[in-house]
Amino acid sequence: MLYTEIPTQRPVTPLLDAIDHPQQLRQLDQSQLEQVADELRQYILYAAGQSGGHFGANLGVIELTVALHYCFNTPRDRLIWDVGHQAYPHKALTGRREQLTTIRSKDGLAAFPTREESEFDTFGVGHSSTAISAGLGMSLARRYQNDPCDVVAIVGDGAMTAGMAFEAMNDAVAHQADLIVILNDNDMSISCSTGGFAKHLAAIWEQGQSVNINADGDAVIEPHPEWAYTSRLHQSATQEADNLFKAIGFEYFGPFDGHDVKQLVHVLNAIKQRKGPRLIHVYTKKGKGFKPAEADPIGYHAIAKQAVMVAPAPVKKKSALKYSDVFGQWLCDQAAQDSRLLAITPAMCEGSGMVKFAKQYPERFFDVAIAEQHAVTLAAGMACEGLKPVVAIYSTFLQRGYDQLIHDVALQNLDVTFGIDRAGLVGEDGPTHAGAYDYAYMRTIPNLVIMAPKDENECRQMLHTAYAYNGPAAVRYPRGAGVGVEIEQQFTALPMGQAEIVAELNSQFEDKISILAFGSRVMPALQVAESLAKQLEVAVTVVNMRFVKPLDENIIQQLAATTSLFVTVEEHAVMAGAGSAVNEYLAQAQIVKPVLNLGLPDSFLHQADHAQMLHDCGLDTEGIEQSIVQAWKKALQIA
């Protein structure tokens, strides 16, 4: 069935409602599976409309998910879903159907598979390209324990572009591991898949034949049928006879129609009887069964809650740009002034705000696919040749290129600019996507400058400052919209390593609280300072620290002479964060003052909306104020 609207009422799904465990699915006749798939698609449309979240990829794996749980004895047999964008149908079939409308909300289901949520979630995911390594580990562990089971890693073609996937496949062949890899090929990651691997898959497709299993269990080559969606986005230049997976040492089967549940069941049942490393290539359509998503798979990668989608937009005092849009516009404007600027993204063109730049400067835009390590070292190589590369990357994904950041960029003091998006808490995407550790993992690296803006205009000027700096520099900014300040088009480089005092209140009092705020917490700190000045007989100074490294030690030293309590506040882990940098300086300078460090706790924080998460962590205005008042009372008692 092809649907055109997201239902607002729960659809009637009699077969699906009877499945609270895959064992109940396996009791059905194979002829009923198409109805199960259709009911599951209707329910996913409804549930995603209620909760918001990942959309197109889930619709694309309905039939595959049904076939997998029908053919394999889950949870004893292990299914590992790479990334997790495609795991909603899996959750629905494994006892979490009625909870699916709570996904991504506080105390609801996690956005991705997570081991603590269900025994069917065999491995926690969120970052791509980990499934084959994890699956190989499970297979080898079960072999060692003389307790073998089937292990299946379901990996998208976009995730296959990462080096880690090929490292795992190489190792699987070395061990002749009993491992099944299902390549879910929809020609997409979030954006269109790019590069030589995408062309190779297109070439396999264009050969017009499949590797199938006959009635005797033998692998045979036969023409594949003409499916309804045979147009590939990446047409290859030549008909390639070789097969990369076979060359590595995997037994290859496919490509198969990933929406033909009957064929999928036949293929899975046959191939699970074989041993060794096996790869099943299935072709699916992102957004399958929902006409708008089939037509726009990028736009429907994820959706907002249905209620939000149909409600009128709230009236804002000012039209606040998203930080990603600020970055995108800066990138275009800076490129217009300097032909040396090249821009790199690891498959995050849309999310990082680079669509306009990619269209305006296609010869200067490099989408390297899901390959963060490569993205960082690619930039290093460009910088070696006198160009000025800019890497647009999410905080959580830069973690994957940490060695390259140290060894290939900073150690050589190369002129690479990093625009680090999604810093701090990211709300509904949960702990796998939170940018909670970048201050900590970056500020220990020599040569690297680290900045955090208080608003959109400062973000633009910091990006220019980082770009003008002759060496590695990073600007770290949050997800979503800014505070609505006017953005100055003219570039103004900030003085390196200089903070700014943004408020001095109740200066008539001798005692002073100095709030050293970083990035997104500057504006809340200002609001808190105004409240404190009204209720306490104390001077309050607020500093926009701007630089995490180099830290403005001069302003801290100057403030120390009159400060009775230092407060640091950041949307980052307290441990090893920006506040820790302040503590280190105070200790080194032998300045003994009470210090309150406010930030994220030493735990992985479950999903909720961003405002709720800030409240729970005590990082909204209410929480910051309460913590400061308590610390101030304690400081007075000590004094």
# chains A, B, ... in the order shown; residues from 1 in each chain; ligands from 1

call {"tool": "residues_around", "arguments": {"residues": "range 422-439 of chain A", "least_positions_apart": "4", "cutoff": "9 Å", "atoms": "only C-alpha atoms", "output": "ChimeraX atom specification"}}
result
/A:53,103-106,110-112,124-127,324,393-399,443-444,450,476-480,520,548-549,570-573,575-578,600,604-614

call {"tool": "write_last_selection", "arguments": {"atoms": "N, CA and C atoms", "output": "short mmCIF file (atom, residue, chain, number, x, y, z; two decimals), in the first residue's frame"}}
result
data_model
loop_
_atom_site.label_atom_id
_atom_site.label_comp_id
_atom_site.auth_asym_id
_atom_site.auth_seq_id
_atom_site.Cartn_x
_atom_site.Cartn_y
_atom_site.Cartn_z
N GLY A 53 10.61 12.07 15.13
CA GLY A 53 11.81 11.24 15.11
C GLY A 53 12.16 10.73 13.74
N ILE A 103 8.75 7.40 22.04
CA ILE A 103 10.16 7.39 21.68
C ILE A 103 10.73 8.81 21.66
N ARG A 104 11.94 8.96 22.17
CA ARG A 104 12.66 10.23 22.19
C ARG A 104 12.14 11.20 23.25
N SER A 105 11.18 10.81 24.07
CA SER A 105 10.67 11.69 25.10
C SER A 105 11.18 11.24 26.47
N LYS A 106 11.08 12.11 27.44
CA LYS A 106 11.56 11.81 28.79
C LYS A 106 10.84 10.57 29.33
N ALA A 110 14.16 4.97 24.02
CA ALA A 110 15.32 5.67 23.48
C ALA A 110 15.21 5.79 21.96
N ALA A 111 15.86 6.77 21.41
CA ALA A 111 15.81 6.99 19.97
C ALA A 111 16.53 5.89 19.20
N PHE A 112 17.43 5.19 19.86
CA PHE A 112 18.24 4.16 19.21
C PHE A 112 18.20 2.88 20.05
N GLY A 124 24.21 -1.33 21.88
CA GLY A 124 23.81 0.07 21.84
C GLY A 124 24.46 0.79 20.68
N VAL A 125 23.69 1.52 19.91
CA VAL A 125 24.22 2.20 18.73
C VAL A 125 23.74 3.64 18.71
N GLY A 126 24.19 4.38 17.76
CA GLY A 126 23.89 5.79 17.62
C GLY A 126 24.86 6.40 16.64
N HIS A 127 26.12 6.02 16.76
CA HIS A 127 27.14 6.36 15.76
C HIS A 127 27.19 5.22 14.75
N SER A 324 23.47 26.44 12.89
CA SER A 324 23.94 25.81 11.66
C SER A 324 23.76 26.74 10.46
N ILE A 393 31.48 19.60 11.56
CA ILE A 393 31.30 18.29 12.19
C ILE A 393 30.54 18.45 13.50
N TYR A 394 29.76 17.46 13.87
CA TYR A 394 29.08 17.48 15.15
C TYR A 394 30.07 17.12 16.26
N SER A 395 29.86 17.67 17.43
CA SER A 395 30.74 17.40 18.56
C SER A 395 30.86 15.90 18.84
N THR A 396 29.74 15.21 18.85
CA THR A 396 29.75 13.78 19.16
C THR A 396 30.49 12.96 18.11
N PHE A 397 30.55 13.46 16.87
CA PHE A 397 31.23 12.72 15.81
C PHE A 397 32.71 13.07 15.72
N LEU A 398 33.09 14.24 16.19
CA LEU A 398 34.51 14.58 16.21
C LEU A 398 35.26 13.64 17.17
N GLN A 399 34.54 13.09 18.15
CA GLN A 399 35.16 12.11 19.04
C GLN A 399 35.78 10.96 18.24
N ARG A 443 40.81 20.53 25.06
CA ARG A 443 41.65 21.53 25.71
C ARG A 443 42.99 20.97 26.19
N THR A 444 43.12 19.65 26.17
CA THR A 444 44.41 19.04 26.53
C THR A 444 45.36 18.98 25.34
N ILE A 450 40.22 27.06 21.24
CA ILE A 450 38.83 26.63 21.42
C ILE A 450 37.98 27.82 21.86
N ARG A 476 32.78 26.07 18.93
CA ARG A 476 31.84 25.07 19.45
C ARG A 476 30.51 25.74 19.75
N TYR A 477 29.44 25.34 19.05
CA TYR A 477 28.14 26.01 19.21
C TYR A 477 27.02 24.99 19.33
N PRO A 478 25.89 25.40 19.93
CA PRO A 478 24.84 24.44 20.25
C PRO A 478 23.91 24.13 19.08
N ARG A 479 23.08 23.13 19.29
CA ARG A 479 22.04 22.78 18.34
C ARG A 479 20.90 23.80 18.42
N GLY A 480 20.25 24.02 17.28
CA GLY A 480 19.04 24.82 17.28
C GLY A 480 19.27 26.30 17.11
N SER A 520 26.71 28.77 25.62
CA SER A 520 25.26 28.88 25.73
C SER A 520 24.78 29.29 27.10
N VAL A 548 37.88 28.97 25.73
CA VAL A 548 38.22 27.90 26.66
C VAL A 548 39.72 27.69 26.65
N LYS A 549 40.31 27.92 25.46
CA LYS A 549 41.76 27.84 25.33
C LYS A 549 42.19 28.76 24.18
N GLU A 570 28.75 26.00 32.46
CA GLU A 570 28.97 25.54 31.10
C GLU A 570 27.99 24.42 30.78
N GLU A 571 27.63 24.28 29.51
CA GLU A 571 26.81 23.16 29.06
C GLU A 571 27.75 22.07 28.55
N HIS A 572 28.41 21.47 29.49
CA HIS A 572 29.47 20.49 29.23
C HIS A 572 29.71 19.75 30.53
N ALA A 573 30.28 18.59 30.46
CA ALA A 573 30.60 17.83 31.67
C ALA A 573 31.48 18.66 32.60
N MET A 575 33.44 17.51 34.88
CA MET A 575 34.75 16.86 34.96
C MET A 575 35.58 17.18 33.72
N ALA A 576 36.72 17.81 33.93
CA ALA A 576 37.68 18.16 32.87
C ALA A 576 37.16 19.23 31.92
N GLY A 577 36.10 19.91 32.27
CA GLY A 577 35.54 20.92 31.40
C GLY A 577 36.19 22.28 31.54
N ALA A 578 35.47 23.32 31.10
CA ALA A 578 36.01 24.68 31.15
C ALA A 578 36.19 25.15 32.59
N LEU A 600 27.38 19.64 33.45
CA LEU A 600 26.69 18.36 33.35
C LEU A 600 27.29 17.34 34.31
N PHE A 604 25.68 9.50 31.82
CA PHE A 604 25.07 9.63 30.50
C PHE A 604 23.60 9.97 30.69
N LEU A 605 23.16 11.05 30.10
CA LEU A 605 21.82 11.59 30.34
C LEU A 605 20.84 11.07 29.30
N HIS A 606 19.73 10.52 29.77
CA HIS A 606 18.72 9.99 28.87
C HIS A 606 17.96 11.11 28.19
N GLN A 607 17.28 10.75 27.11
CA GLN A 607 16.63 11.72 26.26
C GLN A 607 15.46 12.43 26.96
N ALA A 608 15.27 13.66 26.59
CA ALA A 608 14.11 14.49 26.96
C ALA A 608 14.25 15.72 26.08
N ASP A 609 13.28 16.64 26.15
CA ASP A 609 13.50 17.86 25.38
C ASP A 609 14.61 18.67 26.04
N HIS A 610 15.21 19.55 25.27
CA HIS A 610 16.42 20.25 25.72
C HIS A 610 16.18 21.03 27.00
N ALA A 611 15.06 21.75 27.06
CA ALA A 611 14.76 22.56 28.25
C ALA A 611 14.62 21.68 29.49
N GLN A 612 13.98 20.52 29.33
CA GLN A 612 13.81 19.62 30.46
C GLN A 612 15.15 19.08 30.93
N MET A 613 16.02 18.77 29.99
CA MET A 613 17.33 18.25 30.37
C MET A 613 18.14 19.30 31.12
N LEU A 614 18.10 20.53 30.65
CA LEU A 614 18.79 21.61 31.35
C LEU A 614 18.25 21.78 32.77
#

call {"tool": "atom_distance", "arguments": {"atom1": "CA of Glu488 in chain A", "atom2": "CA of Glu350 in chain A"}}
result
23.9 Å

call {"tool": "closest_residue", "arguments": {"among": "A:Ile62, A:Ile487, A:Ile248, A:Ala589", "to": "Tyr43 in chain A", "atoms": "only C-alpha atoms"}}
result
A:Ile62

call {"tool": "residues_around", "arguments": {"residues": "range 327-338 of chain A", "least_positions_apart": "6", "cutoff": "6 Å", "atoms": "only C-alpha atoms", "output": "list of chain:residue names"}}
result
A:Gly353, A:Met354, A:Phe357

call {"tool": "residues_around", "arguments": {"residues": "Glu251 in chain A", "least_positions_apart": "6", "cutoff": "7 Å", "atoms": "only C-alpha atoms", "output": "PyMOL selection string"}}
result
chain A and resi 277-279

call {"tool": "closest_residue", "arguments": {"among": "A:Ala474, A:Ile638, A:Ala371, A:Ala466", "to": "Ala493 in chain A", "atoms": "only C-alpha atoms"}}
result
A:Ala466

call {"tool": "residues_around", "arguments": {"residues": "Glu34 in chain A", "least_positions_apart": "2", "cutoff": "12 Å", "atoms": "only C-alpha atoms", "output": "list in words"}}
result
Met1, Leu15, Leu16, Leu25, Leu28, Asp29, Gln30, Ser31, Gln32, Val36, Ala37, Asp38, Glu39, Leu40, Arg41, Ile62, Glu63, Leu64, Thr65, Val66, Ala67, His259, Asp260, Val261, Lys262, Gln263, Leu264 and Val265 of chain A

call {"tool": "write_last_selection", "arguments": {"atoms": "C-alpha atoms", "output": "PDB file, in the first residue's frame"}}
result
ATOM      1  CA  MET A   1       0.000   0.000   0.000  1.00  0.00           C
ATOM      2  CA  LEU A  15      -2.128  -9.187  13.287  1.00  0.00           C
ATOM      3  CA  LEU A  16       0.438  -6.736  14.627  1.00  0.00           C
ATOM      4  CA  LEU A  25       5.416 -13.695  14.601  1.00  0.00           C
ATOM      5  CA  LEU A  28       2.185 -17.128  11.610  1.00  0.00           C
ATOM      6  CA  ASP A  29       1.909 -18.630   8.160  1.00  0.00           C
ATOM      7  CA  GLN A  30       4.335 -17.114   5.701  1.00  0.00           C
ATOM      8  CA  SER A  31       1.375 -15.931   3.603  1.00  0.00           C
ATOM      9  CA  GLN A  32       0.398 -13.568   6.453  1.00  0.00           C
ATOM     10  CA  VAL A  36       1.966  -7.879   9.038  1.00  0.00           C
ATOM     11  CA  ALA A  37       4.325  -5.624   7.071  1.00  0.00           C
ATOM     12  CA  ASP A  38       1.465  -3.423   5.868  1.00  0.00           C
ATOM     13  CA  GLU A  39       0.041  -3.091   9.381  1.00  0.00           C
ATOM     14  CA  LEU A  40       3.502  -2.343  10.754  1.00  0.00           C
ATOM     15  CA  ARG A  41       4.003   0.384   8.143  1.00  0.00           C
ATOM     16  CA  ILE A  62       9.619  -2.829   7.335  1.00  0.00           C
ATOM     17  CA  GLU A  63       9.704  -6.001   5.224  1.00  0.00           C
ATOM     18  CA  LEU A  64      13.331  -6.707   6.100  1.00  0.00           C
ATOM     19  CA  THR A  65      12.610  -6.448   9.829  1.00  0.00           C
ATOM     20  CA  VAL A  66       9.619  -8.762   9.580  1.00  0.00           C
ATOM     21  CA  ALA A  67      11.665 -11.310   7.623  1.00  0.00           C
ATOM     22  CA  HIS A 259      10.437  -5.021  -0.001  1.00  0.00           C
ATOM     23  CA  ASP A 260       9.586  -8.547  -1.149  1.00  0.00           C
ATOM     24  CA  VAL A 261       9.062 -10.258   2.186  1.00  0.00           C
ATOM     25  CA  LYS A 262       8.448 -13.669   0.594  1.00  0.00           C
ATOM     26  CA  GLN A 263      11.780 -13.566  -1.251  1.00  0.00           C
ATOM     27  CA  LEU A 264      13.585 -12.254   1.824  1.00  0.00           C
ATOM     28  CA  VAL A 265      12.331 -15.157   3.933  1.00  0.00           C
TER      29      VAL A 265
END

call {"tool": "residues_around", "arguments": {"residues": "Leu321 in chain A", "least_positions_apart": "3", "cutoff": "7 Å", "atoms": "only C-alpha atoms", "output": "MDAnalysis selection string"}}
result
chainID A and resid 325:326 481:482 484

call {"tool": "atom_distance", "arguments": {"atom1": "CA of Thr101 in chain A", "atom2": "CA of Asp121 in chain A"}}
result
18.2 Å

call {"tool": "select_by_dssp", "arguments": {"residues": "range 104-210 of chain A", "states": "strand (DSSP E)", "output": "JSON, numbers by chain"}}
result
{"A": [151, 152, 153, 154, 155, 156, 179, 180, 181, 182, 183, 184, 185, 209, 210]}

call {"tool": "residues_around", "arguments": {"residues": "Thr417 in chain A", "least_positions_apart": "3", "cutoff": "6 Å", "atoms": "only C-alpha atoms", "output": "list of chain:residue names"}}
result
A:Val390, A:Tyr467, A:Pro472, A:Ala473, A:Ala474

call {"tool": "write_last_selection", "arguments": {"atoms": "N, CA and C atoms", "output": "CSV table (one decimal), in the first residue's frame"}}
result
chain,number,residue,atom,x,y,z
A,390,VAL,N,38.0,24.0,6.1
A,390,VAL,CA,37.0,24.2,7.2
A,390,VAL,C,36.3,22.8,7.3
A,467,TYR,N,39.2,31.2,11.6
A,467,TYR,CA,39.7,31.1,10.2
A,467,TYR,C,40.9,32.0,10.0
A,472,PRO,N,45.4,25.4,14.1
A,472,PRO,CA,44.1,24.7,14.3
A,472,PRO,C,43.2,25.5,15.3
A,473,ALA,N,42.0,25.7,15.0
A,473,ALA,CA,41.1,26.4,15.9
A,473,ALA,C,39.7,25.8,15.7
A,474,ALA,N,38.9,25.8,16.8
A,474,ALA,CA,37.6,25.3,16.8
A,474,ALA,C,36.6,26.2,17.5

call {"tool": "atom_distance", "arguments": {"atom1": "CA of His175 in chain A", "atom2": "CA of Asp82 in chain A"}}
result
21.5 Å

call {"tool": "closest_residue", "arguments": {"among": "A:Pro594, A:Tyr252, A:Asp415, A:Ile555", "to": "Asn212 in chain A", "atoms": "only C-alpha atoms"}}
result
A:Tyr252

call {"tool": "decode", "arguments": {"residues": "range 592-629 of chain A", "atoms": "N, CA and C atoms", "output": "PDB file, in the first residue's frame"}}
result
ATOM      1  N   VAL A 592      43.398  31.252  46.445  1.00  0.00           N
ATOM      2  CA  VAL A 592      42.487  30.417  47.229  1.00  0.00           C
ATOM      3  C   VAL A 592      41.163  31.156  47.392  1.00  0.00           C
ATOM      4  N   LYS A 593      40.165  30.700  46.659  1.00  0.00           N
ATOM      5  CA  LYS A 593      38.828  31.276  46.712  1.00  0.00           C
ATOM      6  C   LYS A 593      37.803  30.149  46.630  1.00  0.00           C
ATOM      7  N   PRO A 594      36.638  30.320  47.244  1.00  0.00           N
ATOM      8  CA  PRO A 594      35.570  29.343  47.018  1.00  0.00           C
ATOM      9  C   PRO A 594      35.183  29.324  45.533  1.00  0.00           C
ATOM     10  N   VAL A 595      35.003  28.124  44.990  1.00  0.00           N
ATOM     11  CA  VAL A 595      34.645  27.981  43.577  1.00  0.00           C
ATOM     12  C   VAL A 595      33.471  27.012  43.468  1.00  0.00           C
ATOM     13  N   LEU A 596      32.470  27.393  42.691  1.00  0.00           N
ATOM     14  CA  LEU A 596      31.335  26.529  42.370  1.00  0.00           C
ATOM     15  C   LEU A 596      31.374  26.232  40.878  1.00  0.00           C
ATOM     16  N   ASN A 597      31.547  24.969  40.525  1.00  0.00           N
ATOM     17  CA  ASN A 597      31.549  24.549  39.123  1.00  0.00           C
ATOM     18  C   ASN A 597      30.186  23.966  38.773  1.00  0.00           C
ATOM     19  N   LEU A 598      29.504  24.578  37.822  1.00  0.00           N
ATOM     20  CA  LEU A 598      28.202  24.097  37.363  1.00  0.00           C
ATOM     21  C   LEU A 598      28.322  23.586  35.933  1.00  0.00           C
ATOM     22  N   GLY A 599      27.773  22.419  35.682  1.00  0.00           N
ATOM     23  CA  GLY A 599      27.814  21.813  34.355  1.00  0.00           C
ATOM     24  C   GLY A 599      27.069  20.500  34.379  1.00  0.00           C
ATOM     25  N   LEU A 600      27.377  19.638  33.450  1.00  0.00           N
ATOM     26  CA  LEU A 600      26.687  18.358  33.346  1.00  0.00           C
ATOM     27  C   LEU A 600      27.294  17.344  34.307  1.00  0.00           C
ATOM     28  N   PRO A 601      26.476  16.480  34.888  1.00  0.00           N
ATOM     29  CA  PRO A 601      26.981  15.494  35.853  1.00  0.00           C
ATOM     30  C   PRO A 601      27.788  14.402  35.174  1.00  0.00           C
ATOM     31  N   ASP A 602      28.443  13.607  35.987  1.00  0.00           N
ATOM     32  CA  ASP A 602      29.274  12.513  35.494  1.00  0.00           C
ATOM     33  C   ASP A 602      28.398  11.283  35.224  1.00  0.00           C
ATOM     34  N   SER A 603      27.495  11.418  34.274  1.00  0.00           N
ATOM     35  CA  SER A 603      26.604  10.313  33.894  1.00  0.00           C
ATOM     36  C   SER A 603      26.098  10.572  32.486  1.00  0.00           C
ATOM     37  N   PHE A 604      25.678   9.496  31.816  1.00  0.00           N
ATOM     38  CA  PHE A 604      25.068   9.628  30.504  1.00  0.00           C
ATOM     39  C   PHE A 604      23.596   9.971  30.692  1.00  0.00           C
ATOM     40  N   LEU A 605      23.163  11.052  30.099  1.00  0.00           N
ATOM     41  CA  LEU A 605      21.824  11.586  30.344  1.00  0.00           C
ATOM     42  C   LEU A 605      20.840  11.072  29.303  1.00  0.00           C
ATOM     43  N   HIS A 606      19.730  10.522  29.773  1.00  0.00           N
ATOM     44  CA  HIS A 606      18.722   9.988  28.870  1.00  0.00           C
ATOM     45  C   HIS A 606      17.955  11.114  28.187  1.00  0.00           C
ATOM     46  N   GLN A 607      17.284  10.749  27.106  1.00  0.00           N
ATOM     47  CA  GLN A 607      16.626  11.724  26.257  1.00  0.00           C
ATOM     48  C   GLN A 607      15.458  12.429  26.963  1.00  0.00           C
ATOM     49  N   ALA A 608      15.268  13.662  26.595  1.00  0.00           N
ATOM     50  CA  ALA A 608      14.114  14.488  26.960  1.00  0.00           C
ATOM     51  C   ALA A 608      14.249  15.724  26.083  1.00  0.00           C
ATOM     52  N   ASP A 609      13.280  16.641  26.149  1.00  0.00           N
ATOM     53  CA  ASP A 609      13.502  17.860  25.376  1.00  0.00           C
ATOM     54  C   ASP A 609      14.607  18.670  26.044  1.00  0.00           C
ATOM     55  N   HIS A 610      15.214  19.549  25.269  1.00  0.00           N
ATOM     56  CA  HIS A 610      16.416  20.246  25.719  1.00  0.00           C
ATOM     57  C   HIS A 610      16.180  21.030  27.002  1.00  0.00           C
ATOM     58  N   ALA A 611      15.059  21.747  27.064  1.00  0.00           N
ATOM     59  CA  ALA A 611      14.765  22.560  28.245  1.00  0.00           C
ATOM     60  C   ALA A 611      14.618  21.678  29.488  1.00  0.00           C
ATOM     61  N   GLN A 612      13.981  20.524  29.328  1.00  0.00           N
ATOM     62  CA  GLN A 612      13.805  19.616  30.456  1.00  0.00           C
ATOM     63  C   GLN A 612      15.153  19.084  30.934  1.00  0.00           C
ATOM     64  N   MET A 613      16.020  18.771  29.991  1.00  0.00           N
ATOM     65  CA  MET A 613      17.334  18.251  30.367  1.00  0.00           C
ATOM     66  C   MET A 613      18.144  19.300  31.115  1.00  0.00           C
ATOM     67  N   LEU A 614      18.095  20.534  30.650  1.00  0.00           N
ATOM     68  CA  LEU A 614      18.792  21.614  31.352  1.00  0.00           C
ATOM     69  C   LEU A 614      18.251  21.775  32.765  1.00  0.00           C
ATOM     70  N   HIS A 615      16.928  21.689  32.897  1.00  0.00           N
ATOM     71  CA  HIS A 615      16.317  21.818  34.219  1.00  0.00           C
ATOM     72  C   HIS A 615      16.776  20.696  35.139  1.00  0.00           C
ATOM     73  N   ASP A 616      16.757  19.470  34.618  1.00  0.00           N
ATOM     74  CA  ASP A 616      17.151  18.320  35.428  1.00  0.00           C
ATOM     75  C   ASP A 616      18.604  18.401  35.876  1.00  0.00           C
ATOM     76  N   CYS A 617      19.435  19.051  35.064  1.00  0.00           N
ATOM     77  CA  CYS A 617      20.866  19.192  35.388  1.00  0.00           C
ATOM     78  C   CYS A 617      21.161  20.439  36.206  1.00  0.00           C
ATOM     79  N   GLY A 618      20.136  21.238  36.466  1.00  0.00           N
ATOM     80  CA  GLY A 618      20.362  22.477  37.198  1.00  0.00           C
ATOM     81  C   GLY A 618      21.084  23.532  36.398  1.00  0.00           C
ATOM     82  N   LEU A 619      20.924  23.489  35.063  1.00  0.00           N
ATOM     83  CA  LEU A 619      21.628  24.444  34.211  1.00  0.00           C
ATOM     84  C   LEU A 619      20.684  25.454  33.564  1.00  0.00           C
ATOM     85  N   ASP A 620      19.400  25.461  33.929  1.00  0.00           N
ATOM     86  CA  ASP A 620      18.527  26.548  33.510  1.00  0.00           C
ATOM     87  C   ASP A 620      18.672  27.665  34.534  1.00  0.00           C
ATOM     88  N   THR A 621      18.010  28.769  34.307  1.00  0.00           N
ATOM     89  CA  THR A 621      18.180  29.922  35.203  1.00  0.00           C
ATOM     90  C   THR A 621      17.800  29.586  36.639  1.00  0.00           C
ATOM     91  N   GLU A 622      16.728  28.815  36.800  1.00  0.00           N
ATOM     92  CA  GLU A 622      16.291  28.442  38.150  1.00  0.00           C
ATOM     93  C   GLU A 622      17.350  27.619  38.865  1.00  0.00           C
ATOM     94  N   GLY A 623      17.873  26.622  38.168  1.00  0.00           N
ATOM     95  CA  GLY A 623      18.867  25.751  38.788  1.00  0.00           C
ATOM     96  C   GLY A 623      20.171  26.464  39.082  1.00  0.00           C
ATOM     97  N   ILE A 624      20.623  27.299  38.145  1.00  0.00           N
ATOM     98  CA  ILE A 624      21.867  28.050  38.360  1.00  0.00           C
ATOM     99  C   ILE A 624      21.719  28.966  39.567  1.00  0.00           C
ATOM    100  N   GLU A 625      20.591  29.659  39.652  1.00  0.00           N
ATOM    101  CA  GLU A 625      20.365  30.588  40.764  1.00  0.00           C
ATOM    102  C   GLU A 625      20.331  29.850  42.101  1.00  0.00           C
ATOM    103  N   GLN A 626      19.626  28.747  42.170  1.00  0.00           N
ATOM    104  CA  GLN A 626      19.550  27.995  43.425  1.00  0.00           C
ATOM    105  C   GLN A 626      20.928  27.529  43.876  1.00  0.00           C
ATOM    106  N   SER A 627      21.723  27.046  42.937  1.00  0.00           N
ATOM    107  CA  SER A 627      23.056  26.557  43.288  1.00  0.00           C
ATOM    108  C   SER A 627      23.936  27.683  43.790  1.00  0.00           C
ATOM    109  N   ILE A 628      23.838  28.848  43.148  1.00  0.00           N
ATOM    110  CA  ILE A 628      24.678  29.984  43.562  1.00  0.00           C
ATOM    111  C   ILE A 628      24.260  30.487  44.933  1.00  0.00           C
ATOM    112  N   VAL A 629      22.966  30.576  45.177  1.00  0.00           N
ATOM    113  CA  VAL A 629      22.484  31.047  46.486  1.00  0.00           C
ATOM    114  C   VAL A 629      22.972  30.120  47.589  1.00  0.00           C
TER     115      VAL A 629
END
